[in-house]
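Here is the file run-v2.cif (mmCIF, C-alpha atoms).
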```cif
data_input
#
loop_
_atom_site.label_atom_id
_atom_site.label_comp_id
_atom_site.auth_asym_id
_atom_site.auth_seq_id
_atom_site.Cartn_x
_atom_site.Cartn_y
_atom_site.Cartn_z
CA MET A 1 169.94 -123.71 74.61
CA ALA A 2 166.48 -125.23 74.33
CA THR A 3 165.00 -121.74 74.08
CA VAL A 4 167.32 -120.80 71.21
CA VAL A 5 166.53 -124.01 69.34
CA GLY A 6 162.83 -123.46 69.98
CA LEU A 7 162.98 -119.93 68.58
CA ALA A 8 164.90 -121.16 65.54
CA PHE A 9 162.22 -123.77 64.94
CA VAL A 10 159.45 -121.18 65.24
CA LEU A 11 161.17 -118.89 62.73
CA LEU A 12 161.78 -121.80 60.39
CA PHE A 13 158.11 -122.73 60.61
CA MET A 14 157.02 -119.15 59.96
CA PHE A 15 159.31 -118.77 56.97
CA PRO A 16 160.62 -122.03 55.47
CA ILE A 17 164.22 -121.84 54.20
CA SER A 18 162.90 -122.56 50.68
CA SER A 19 161.11 -119.21 50.74
CA ARG A 20 164.19 -117.44 49.38
CA VAL A 21 165.48 -120.21 47.11
CA ARG A 22 163.23 -119.86 44.06
CA ALA A 23 164.85 -117.44 41.62
CA LEU A 24 162.55 -114.74 40.30
CA SER A 25 163.05 -112.96 37.00
CA SER A 26 161.67 -109.73 35.54
CA ASN A 27 161.27 -111.43 32.13
CA TYR A 28 159.74 -114.66 33.49
CA TYR A 29 156.57 -114.41 31.34
CA ASP A 30 158.03 -112.68 28.27
CA HIS A 31 157.31 -115.66 26.02
CA THR A 32 154.44 -117.39 27.82
CA CYS A 33 152.25 -114.35 28.59
CA PRO A 34 153.73 -111.18 27.04
CA GLN A 35 150.57 -109.15 27.67
CA LEU A 36 150.61 -109.83 31.43
CA GLU A 37 151.67 -106.38 32.63
CA SER A 38 149.25 -104.46 30.41
CA ILE A 39 146.34 -106.70 31.48
CA VAL A 40 147.07 -106.15 35.20
CA ALA A 41 147.67 -102.41 34.75
CA SER A 42 144.39 -102.09 32.88
CA ALA A 43 142.45 -103.78 35.71
CA VAL A 44 144.09 -101.58 38.34
CA LYS A 45 143.53 -98.40 36.33
CA LYS A 46 139.84 -99.22 35.77
CA ALA A 47 139.32 -99.91 39.49
CA ILE A 48 141.03 -96.67 40.53
CA SER A 49 138.83 -94.66 38.17
CA ASN A 50 135.83 -95.90 40.17
CA ASP A 51 137.38 -95.96 43.66
CA LYS A 52 140.30 -93.78 44.79
CA THR A 53 140.97 -96.04 47.80
CA VAL A 54 142.08 -98.97 45.61
CA PRO A 55 145.83 -98.14 45.53
CA ALA A 56 146.14 -98.17 49.32
CA ALA A 57 144.12 -101.40 49.46
CA LEU A 58 146.30 -103.22 46.93
CA LEU A 59 149.58 -102.08 48.50
CA ARG A 60 148.43 -103.18 51.96
CA MET A 61 147.10 -106.48 50.59
CA HIS A 62 150.49 -107.33 49.04
CA PHE A 63 152.32 -106.42 52.26
CA HIS A 64 149.97 -108.57 54.35
CA ASP A 65 150.38 -111.43 51.90
CA CYS A 66 154.19 -111.37 51.92
CA PHE A 67 154.50 -111.24 55.71
CA ILE A 68 152.74 -114.60 56.11
CA ARG A 69 154.35 -117.61 54.40
CA GLY A 70 155.94 -115.35 51.79
CA CYS A 71 154.29 -113.73 48.76
CA ASP A 72 152.12 -116.71 47.84
CA ALA A 73 148.65 -115.14 47.41
CA SER A 74 147.43 -116.94 50.56
CA VAL A 75 145.69 -113.69 51.56
CA LEU A 76 143.37 -114.11 48.55
CA LEU A 77 142.01 -117.53 49.53
CA ASN A 78 138.45 -117.80 50.83
CA SER A 79 137.61 -119.46 54.13
CA LYS A 80 136.21 -122.96 53.63
CA GLY A 81 134.30 -125.12 56.07
CA ASN A 82 135.97 -124.97 59.46
CA ASN A 83 139.10 -123.34 58.05
CA LYS A 84 139.12 -119.60 58.59
CA ALA A 85 141.46 -118.06 56.01
CA GLU A 86 143.88 -115.11 56.38
CA LYS A 87 141.47 -112.60 54.83
CA ASP A 88 139.09 -113.26 57.76
CA GLY A 89 141.76 -112.81 60.47
CA PRO A 90 141.35 -109.67 62.64
CA PRO A 91 144.10 -107.54 60.99
CA ASN A 92 142.71 -108.33 57.52
CA ILE A 93 139.00 -107.74 58.05
CA SER A 94 139.40 -104.24 56.60
CA LEU A 95 141.27 -105.39 53.48
CA HIS A 96 139.30 -104.76 50.32
CA ALA A 97 139.56 -104.57 46.50
CA PHE A 98 140.11 -108.32 46.13
CA TYR A 99 137.92 -108.03 43.03
CA VAL A 100 140.73 -106.19 41.22
CA ILE A 101 143.01 -109.22 41.46
CA ASN A 102 140.17 -111.58 40.55
CA GLU A 103 139.26 -109.57 37.44
CA ALA A 104 142.88 -109.31 36.30
CA LYS A 105 143.30 -113.08 36.83
CA MET A 106 140.13 -113.85 34.81
CA ALA A 107 141.45 -111.76 31.92
CA LEU A 108 144.79 -113.57 32.13
CA GLU A 109 143.12 -116.97 32.13
CA ALA A 110 141.36 -115.98 28.91
CA SER A 111 144.60 -114.77 27.36
CA CYS A 112 147.22 -117.24 28.66
CA PRO A 113 145.49 -119.96 30.71
CA GLY A 114 147.24 -121.67 33.61
CA ILE A 115 150.42 -119.61 33.26
CA VAL A 116 150.44 -116.66 35.69
CA SER A 117 150.28 -117.08 39.47
CA CYS A 118 147.91 -115.03 41.60
CA ALA A 119 150.95 -114.06 43.70
CA ASP A 120 152.58 -112.42 40.68
CA VAL A 121 149.32 -110.64 39.78
CA LEU A 122 149.17 -109.18 43.30
CA ALA A 123 152.84 -108.08 43.22
CA LEU A 124 152.27 -106.32 39.88
CA ALA A 125 149.02 -104.74 41.04
CA ALA A 126 150.74 -103.31 44.13
CA ARG A 127 153.46 -101.81 41.92
CA ASP A 128 150.86 -100.33 39.56
CA ALA A 129 148.90 -98.94 42.53
CA VAL A 130 152.00 -97.00 43.64
CA ALA A 131 152.87 -95.79 40.13
CA LEU A 132 149.29 -94.69 39.35
CA SER A 133 149.25 -92.70 42.61
CA GLY A 134 152.21 -90.59 41.49
CA GLY A 135 154.90 -92.81 42.97
CA PRO A 136 157.80 -94.65 41.34
CA THR A 137 157.56 -97.67 39.07
CA TRP A 138 159.96 -100.61 38.90
CA ASP A 139 160.55 -103.99 37.23
CA VAL A 140 158.79 -106.59 39.34
CA PRO A 141 160.71 -109.89 39.54
CA LYS A 142 158.22 -112.67 38.66
CA GLY A 143 157.89 -116.42 38.96
CA ARG A 144 156.17 -116.79 42.34
CA LYS A 145 153.89 -119.75 42.99
CA ASP A 146 150.61 -119.75 44.88
CA GLY A 147 150.30 -121.28 48.34
CA ARG A 148 147.71 -123.82 49.43
CA ILE A 149 147.54 -122.87 53.11
CA SER A 150 145.76 -119.82 54.52
CA LEU A 151 145.09 -119.59 58.27
CA ALA A 152 143.45 -116.68 60.06
CA THR A 153 145.45 -117.55 63.18
CA GLU A 154 148.70 -116.73 61.36
CA THR A 155 147.66 -113.09 60.89
CA ARG A 156 149.00 -112.62 64.43
CA GLN A 157 152.42 -112.57 62.75
CA LEU A 158 151.65 -109.23 61.05
CA PRO A 159 153.27 -106.14 62.60
CA ALA A 160 150.64 -104.36 64.68
CA PRO A 161 150.01 -100.59 64.69
CA THR A 162 150.73 -100.65 68.44
CA PHE A 163 154.24 -102.16 68.08
CA ASN A 164 157.28 -100.43 69.58
CA ILE A 165 160.59 -100.21 67.72
CA SER A 166 162.08 -103.45 69.10
CA GLN A 167 158.94 -105.40 68.17
CA LEU A 168 159.02 -103.89 64.67
CA GLN A 169 162.72 -104.63 64.18
CA GLN A 170 162.28 -108.23 65.31
CA ASN A 171 159.21 -108.72 63.11
CA PHE A 172 161.02 -107.43 60.01
CA ALA A 173 164.30 -109.22 60.80
CA GLN A 174 162.45 -112.55 60.96
CA ARG A 175 161.71 -111.99 57.28
CA GLY A 176 165.23 -110.94 56.38
CA LEU A 177 164.30 -107.26 56.23
CA SER A 178 166.58 -104.55 57.63
CA ILE A 179 165.99 -101.38 59.63
CA GLU A 180 166.12 -99.36 56.39
CA ASP A 181 163.50 -101.70 54.91
CA LEU A 182 161.33 -101.08 57.97
CA VAL A 183 161.49 -97.29 57.65
CA ALA A 184 161.12 -97.30 53.85
CA LEU A 185 158.17 -99.71 53.80
CA SER A 186 156.46 -97.75 56.60
CA GLY A 187 156.31 -94.97 54.01
CA GLY A 188 153.56 -96.99 52.35
CA HIS A 189 151.38 -95.29 54.98
CA THR A 190 151.45 -92.29 52.66
CA LEU A 191 148.45 -94.00 51.06
CA GLY A 192 145.33 -94.95 52.94
CA PHE A 193 143.04 -94.58 55.89
CA SER A 194 142.86 -96.02 59.40
CA HIS A 195 139.84 -96.82 61.52
CA CYS A 196 139.77 -95.44 65.06
CA SER A 197 140.46 -98.82 66.66
CA SER A 198 144.03 -98.87 65.29
CA PHE A 199 145.11 -95.65 67.05
CA GLN A 200 142.63 -95.42 69.96
CA ASN A 201 145.51 -96.33 72.32
CA ARG A 202 147.21 -92.97 71.58
CA ILE A 203 144.27 -90.63 72.09
CA HIS A 204 142.36 -92.16 75.03
CA ASN A 205 143.77 -93.59 78.29
CA PHE A 206 147.32 -93.51 76.95
CA ASN A 207 148.74 -94.43 80.35
CA ALA A 208 147.98 -94.16 84.07
CA THR A 209 148.57 -90.40 84.13
CA LEU A 210 147.99 -89.17 80.57
CA ASP A 211 144.96 -89.45 78.33
CA VAL A 212 146.85 -88.59 75.13
CA ASP A 213 150.26 -89.68 73.85
CA PRO A 214 152.47 -86.64 74.66
CA THR A 215 154.48 -87.13 71.45
CA MET A 216 151.40 -86.14 69.44
CA GLN A 217 151.02 -82.55 68.33
CA PRO A 218 148.17 -81.23 70.58
CA SER A 219 145.84 -79.81 67.91
CA PHE A 220 146.33 -82.93 65.79
CA ALA A 221 145.47 -85.15 68.78
CA ALA A 222 142.41 -82.99 69.49
CA ARG A 223 141.19 -83.44 65.89
CA LEU A 224 141.61 -87.22 66.14
CA ARG A 225 139.74 -87.25 69.47
CA SER A 226 136.85 -85.34 67.92
CA VAL A 227 136.61 -87.87 65.08
CA CYS A 228 137.17 -90.86 67.38
CA PRO A 229 135.55 -90.29 70.78
CA ALA A 230 136.35 -92.71 73.62
CA HIS A 231 133.33 -94.93 72.99
CA ASN A 232 133.12 -94.50 69.25
CA GLN A 233 130.10 -96.22 67.73
CA ILE A 234 130.60 -95.14 64.12
CA LYS A 235 131.92 -98.14 62.22
CA ASN A 236 133.79 -96.25 59.48
CA ALA A 237 135.16 -93.41 61.62
CA GLY A 238 138.88 -92.79 61.38
CA SER A 239 141.58 -90.69 59.75
CA PRO A 240 143.64 -90.55 56.55
CA LEU A 241 147.18 -91.79 57.18
CA ASP A 242 148.66 -88.52 55.92
CA SER A 243 147.49 -85.18 54.55
CA THR A 244 147.78 -86.31 50.90
CA ASN A 245 146.56 -89.87 51.36
CA LEU A 246 145.64 -90.45 47.70
CA VAL A 247 149.11 -89.40 46.48
CA PHE A 248 152.29 -91.42 46.91
CA ASP A 249 154.76 -88.86 48.30
CA ASN A 250 156.98 -88.28 51.34
CA ALA A 251 154.41 -86.27 53.36
CA TYR A 252 154.15 -89.18 55.81
CA TYR A 253 157.73 -88.57 57.01
CA LYS A 254 157.30 -84.80 57.21
CA LEU A 255 154.18 -85.18 59.34
CA LEU A 256 155.88 -87.80 61.51
CA LEU A 257 158.57 -85.26 62.43
CA GLN A 258 155.80 -82.76 63.33
CA GLY A 259 154.12 -85.14 65.80
CA LYS A 260 151.29 -85.87 63.36
CA SER A 261 151.61 -89.62 62.88
CA ILE A 262 148.64 -91.93 63.32
CA PHE A 263 150.02 -95.20 64.71
CA SER A 264 152.26 -95.99 67.67
CA SER A 265 154.35 -97.97 65.17
CA ASP A 266 154.87 -94.77 63.13
CA GLN A 267 155.93 -92.77 66.18
CA ALA A 268 158.26 -95.65 67.12
CA LEU A 269 160.45 -94.80 64.11
CA LEU A 270 161.61 -91.68 65.98
CA THR A 271 162.75 -93.60 69.05
CA THR A 272 166.21 -94.74 67.86
CA PRO A 273 168.92 -92.56 66.29
CA LYS A 274 169.19 -94.76 63.18
CA THR A 275 165.50 -94.93 62.38
CA LYS A 276 165.01 -91.22 63.16
CA ALA A 277 167.89 -90.33 60.80
CA LEU A 278 166.21 -92.33 58.04
CA VAL A 279 162.88 -90.60 58.69
CA SER A 280 164.64 -87.22 58.39
CA LYS A 281 166.41 -88.31 55.22
CA PHE A 282 163.17 -89.42 53.54
CA ALA A 283 161.31 -86.33 54.77
CA SER A 284 163.87 -84.07 53.10
CA SER A 285 164.17 -86.05 49.86
CA GLN A 286 161.33 -87.64 47.91
CA LYS A 287 163.96 -89.14 45.60
CA ALA A 288 165.80 -90.86 48.46
CA PHE A 289 162.52 -92.23 49.80
CA GLU A 290 161.40 -93.55 46.42
CA LYS A 291 164.71 -95.31 45.79
CA ALA A 292 164.69 -96.95 49.23
CA PHE A 293 161.02 -97.88 48.91
CA VAL A 294 161.54 -99.57 45.53
CA ASP A 295 164.58 -101.49 46.81
CA SER A 296 162.68 -102.65 49.89
CA MET A 297 159.55 -103.60 47.93
CA ILE A 298 161.61 -105.79 45.58
CA LYS A 299 163.33 -107.38 48.58
CA MET A 300 160.07 -108.01 50.46
CA SER A 301 158.22 -109.28 47.40
CA SER A 302 161.02 -111.77 46.69
CA LEU A 303 159.98 -113.80 49.74
CA THR A 304 158.26 -116.76 48.10
CA GLY A 305 156.68 -119.93 49.37
CA GLY A 306 153.95 -121.31 47.09
CA GLN A 307 153.63 -124.55 45.15
CA GLU A 308 151.05 -124.14 42.37
CA ILE A 309 149.40 -121.85 39.83
CA ARG A 310 145.82 -121.22 40.93
CA LEU A 311 143.23 -120.84 38.16
CA ASP A 312 140.94 -118.98 40.57
CA CYS A 313 142.77 -116.85 43.16
CA ARG A 314 140.10 -117.58 45.77
CA VAL A 315 140.38 -121.39 45.88
CA VAL A 316 143.17 -124.01 45.78
CA ARG A 317 143.19 -126.42 42.87
#
```
Using structure tokens, write down the structure from this file.
Amino acid sequence: MATVVGLAFVLLFMFPISSRVRALSSNYYDHTCPQLESIVASAVKKAISNDKTVPAALLRMHFHDCFIRGCDASVLLNSKGNNKAEKDGPPNISLHAFYVINEAKMALEASCPGIVSCADVLALAARDAVALSGGPTWDVPKGRKDGRISLATETRQLPAPTFNISQLQQNFAQRGLSIEDLVALSGGHTLGFSHCSSFQNRIHNFNATLDVDPTMQPSFAARLRSVCPAHNQIKNAGSPLDSTNLVFDNAYYKLLLQGKSIFSSDQALLTTPKTKALVSKFASSQKAFEKAFVDSMIKMSSLTGGQEIRLDCRVVR
């Protein structure tokens, strides 16, 4: 019994009950900051015109924000003094494009000061990143508040690329997200790039008898091994997450079924009948994937937990 109570306390600490209480609304800023969406979209569009990796960065940033203390922009806070913030935790070291959120927020402060939370700016920017990459668009529920706490140690709560299916399911369930949410949100890997360190476990010393994960398509594994040798010294070496990694499409699922996934956590989606059926469904229908992705993004981004409106996304008031 003590163990059950202990686990309940841990989950409550990770995600306070209040995190789902605050009602969000798609027209939250209609009267107080009607130009919000165009200002954020303009900042995202400008950034993408200079750097094609921005969409993947913004989508990942929003995901990493929401999975720790809810979508409260805690991932945007800078480390201060002895406090090491989330953005400096190991899983977040490779996050980038924070400047996009900062520039959008500065423009908003000039237009409607003290009104829009950084958390809402990030949620909108992630949506725009998907839409501007050829993916779907959707009404983002708004009204989040910004959090005051950001701890690098809490980045251990993020799902790791080495997770198996039970670890993934537990991690998502702790945030009220279902198996369909897990498979749909994994499709965000259609955008982006991974460094060698995140999939080294699959292509070198896989287990006591095999060097390479046998579920990987052999020529694909060989290509990854050539890019990421066992003692890789090239800091930026790695691989795109799918063959069209600048376009939001369902190629990720098609490649997964061909044994051409990058992470163990991707391959894990084929290890239960339910998750494999969803992978097959999304691989055969871009429309089905987009609908599920939008539904899951709205659900995930409705996890809230902040208390204030930051004037500068990098520091608490």
Would you tabulate, counting all atoms listed in the file, all residues of segment 243-262 of chain A that have an atom at most 12 Å from an atom of segment 125-129 of chain A, showing the closest pair of atoms and their distance in Å to one decimal, sorted by chain then ascending number, as JSON lines?
```
{"residue": "A:Leu246", "atom": "CA", "partner": "A:Ala129", "partner_atom": "CA", "distance": 10.5}
{"residue": "A:Val247", "atom": "CA", "partner": "A:Ala129", "partner_atom": "CA", "distance": 10.3}
{"residue": "A:Phe248", "atom": "CA", "partner": "A:Ala129", "partner_atom": "CA", "distance": 9.3}
```
Restrict the selected residues to C-alpha atoms and save them as a PDB file, in the frame of the given file.
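Wrote it out as again31.pdb, contents follow:
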```
ATOM      1  CA  LEU A 246     145.640 -90.450  47.700  1.00  0.00           C
ATOM      2  CA  VAL A 247     149.110 -89.400  46.480  1.00  0.00           C
ATOM      3  CA  PHE A 248     152.290 -91.420  46.910  1.00  0.00           C
TER       4      PHE A 248
END
```
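Distance annotation: of A:Asn102, A:Gln307, A:Ser49, A:Gln169, the residue with the minimal separation from Asp181 of chain A is A:Gln169; atom set is all atoms listed in the file.
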| Which one is closest to Thr190 of chain A: A:Pro113, A:Pro159, A:Pro240, A:Pro141? Count all atoms listed in the file. | A:Pro240
| Residues selected by the PyMOL selection byres ((chain A and resi 164) around 12), written as a PyMOL selection string | chain A and resi 159-163+165-171+263-272
| request: List, as a ChimeraX atom specification, every residue that the PyMOL selection byres ((chain A and resi 87-100) around 8) selects in the file provided. | output: /A:43-44,47,54,57-58,60-61,64,75-79,84-86,101-104,151-153,155-156,158
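Evaluated on this file, the PyMOL selection byres ((chain A and resi 32) around 10) matches A:Tyr28, A:Tyr29, A:Asp30, A:His31, A:Cys33, A:Pro34, A:Gln35, A:Leu36, A:Cys112, A:Pro113, A:Ile115, A:Val116.
Distance check against Val183 of chain A using all atoms listed in the file: of A:Glu37, A:Asp65, A:Glu290, A:Asp51, the minimum falls on A:Glu290.
The gap separating atom CA of Gln174 of chain A from atom CA of Val294 of chain A is 20.2 Å, in Å to one decimal.
For the pair atom CA of Pro273 of chain A and atom CA of Ser197 of chain A, the separation is 29.1 Å.
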Quick one: residues within 7 Å of (143.1, -92.7, 53.3) (file frame), counting only C-alpha atoms, please, as a compact mmCIF listing (two decimals) with C-alpha atoms, in the frame of the given file.
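Output below, filename point-v3.txt:
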```
# COMPACT_ATOMS: atom_id res chain seq x y z
CA THR A 53 140.97 -96.04 47.80
CA LEU A 191 148.45 -94.00 51.06
CA GLY A 192 145.33 -94.95 52.94
CA PHE A 193 143.04 -94.58 55.89
CA SER A 194 142.86 -96.02 59.40
CA SER A 239 141.58 -90.69 59.75
CA PRO A 240 143.64 -90.55 56.55
CA LEU A 241 147.18 -91.79 57.18
CA ASN A 245 146.56 -89.87 51.36
CA LEU A 246 145.64 -90.45 47.70
```
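Each of A:Lys45, A:Arg69, A:His204, A:His195 was compared to Leu132 of chain A using only C-alpha atoms, and A:Lys45 turns out to be the nearest.
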| Pick from A:Cys313, A:Val279, A:Leu303, A:Ile179 nearest to Cys66 of chain A, counting all atoms listed in the file | A:Leu303
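Computed from the coordinates, the atom CA of Val316 of chain A to atom CA of Phe63 of chain A distance equals 20.9 Å.
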| query | Which of these residues is nearest to Arg310 of chain A, using only C-alpha atoms: A:Asp146, A:Asp295, A:Glu109, A:Asp120? | reply | A:Asp146
| request: Would you mind listing what lies within 12 Å of Ala221 of chain A as a VMD selection string, with all atoms listed in the file counted and same-chain residues fewer than 2 positions away left out? | output: chain A and resid 199 to 204 206 211 to 219 223 to 229 239 258 to 263
Written file, previous selection with C-alpha atoms, as a compact mmCIF listing (two decimals), in the coordinates of the input:
```txt
# COMPACT_ATOMS: atom_id res chain seq x y z
CA PHE A 199 145.11 -95.65 67.05
CA GLN A 200 142.63 -95.42 69.96
CA ASN A 201 145.51 -96.33 72.32
CA ARG A 202 147.21 -92.97 71.58
CA ILE A 203 144.27 -90.63 72.09
CA HIS A 204 142.36 -92.16 75.03
CA PHE A 206 147.32 -93.51 76.95
CA ASP A 211 144.96 -89.45 78.33
CA VAL A 212 146.85 -88.59 75.13
CA ASP A 213 150.26 -89.68 73.85
CA PRO A 214 152.47 -86.64 74.66
CA THR A 215 154.48 -87.13 71.45
CA MET A 216 151.40 -86.14 69.44
CA GLN A 217 151.02 -82.55 68.33
CA PRO A 218 148.17 -81.23 70.58
CA SER A 219 145.84 -79.81 67.91
CA ARG A 223 141.19 -83.44 65.89
CA LEU A 224 141.61 -87.22 66.14
CA ARG A 225 139.74 -87.25 69.47
CA SER A 226 136.85 -85.34 67.92
CA VAL A 227 136.61 -87.87 65.08
CA CYS A 228 137.17 -90.86 67.38
CA PRO A 229 135.55 -90.29 70.78
CA SER A 239 141.58 -90.69 59.75
CA GLN A 258 155.80 -82.76 63.33
CA GLY A 259 154.12 -85.14 65.80
CA LYS A 260 151.29 -85.87 63.36
CA SER A 261 151.61 -89.62 62.88
CA ILE A 262 148.64 -91.93 63.32
CA PHE A 263 150.02 -95.20 64.71
```
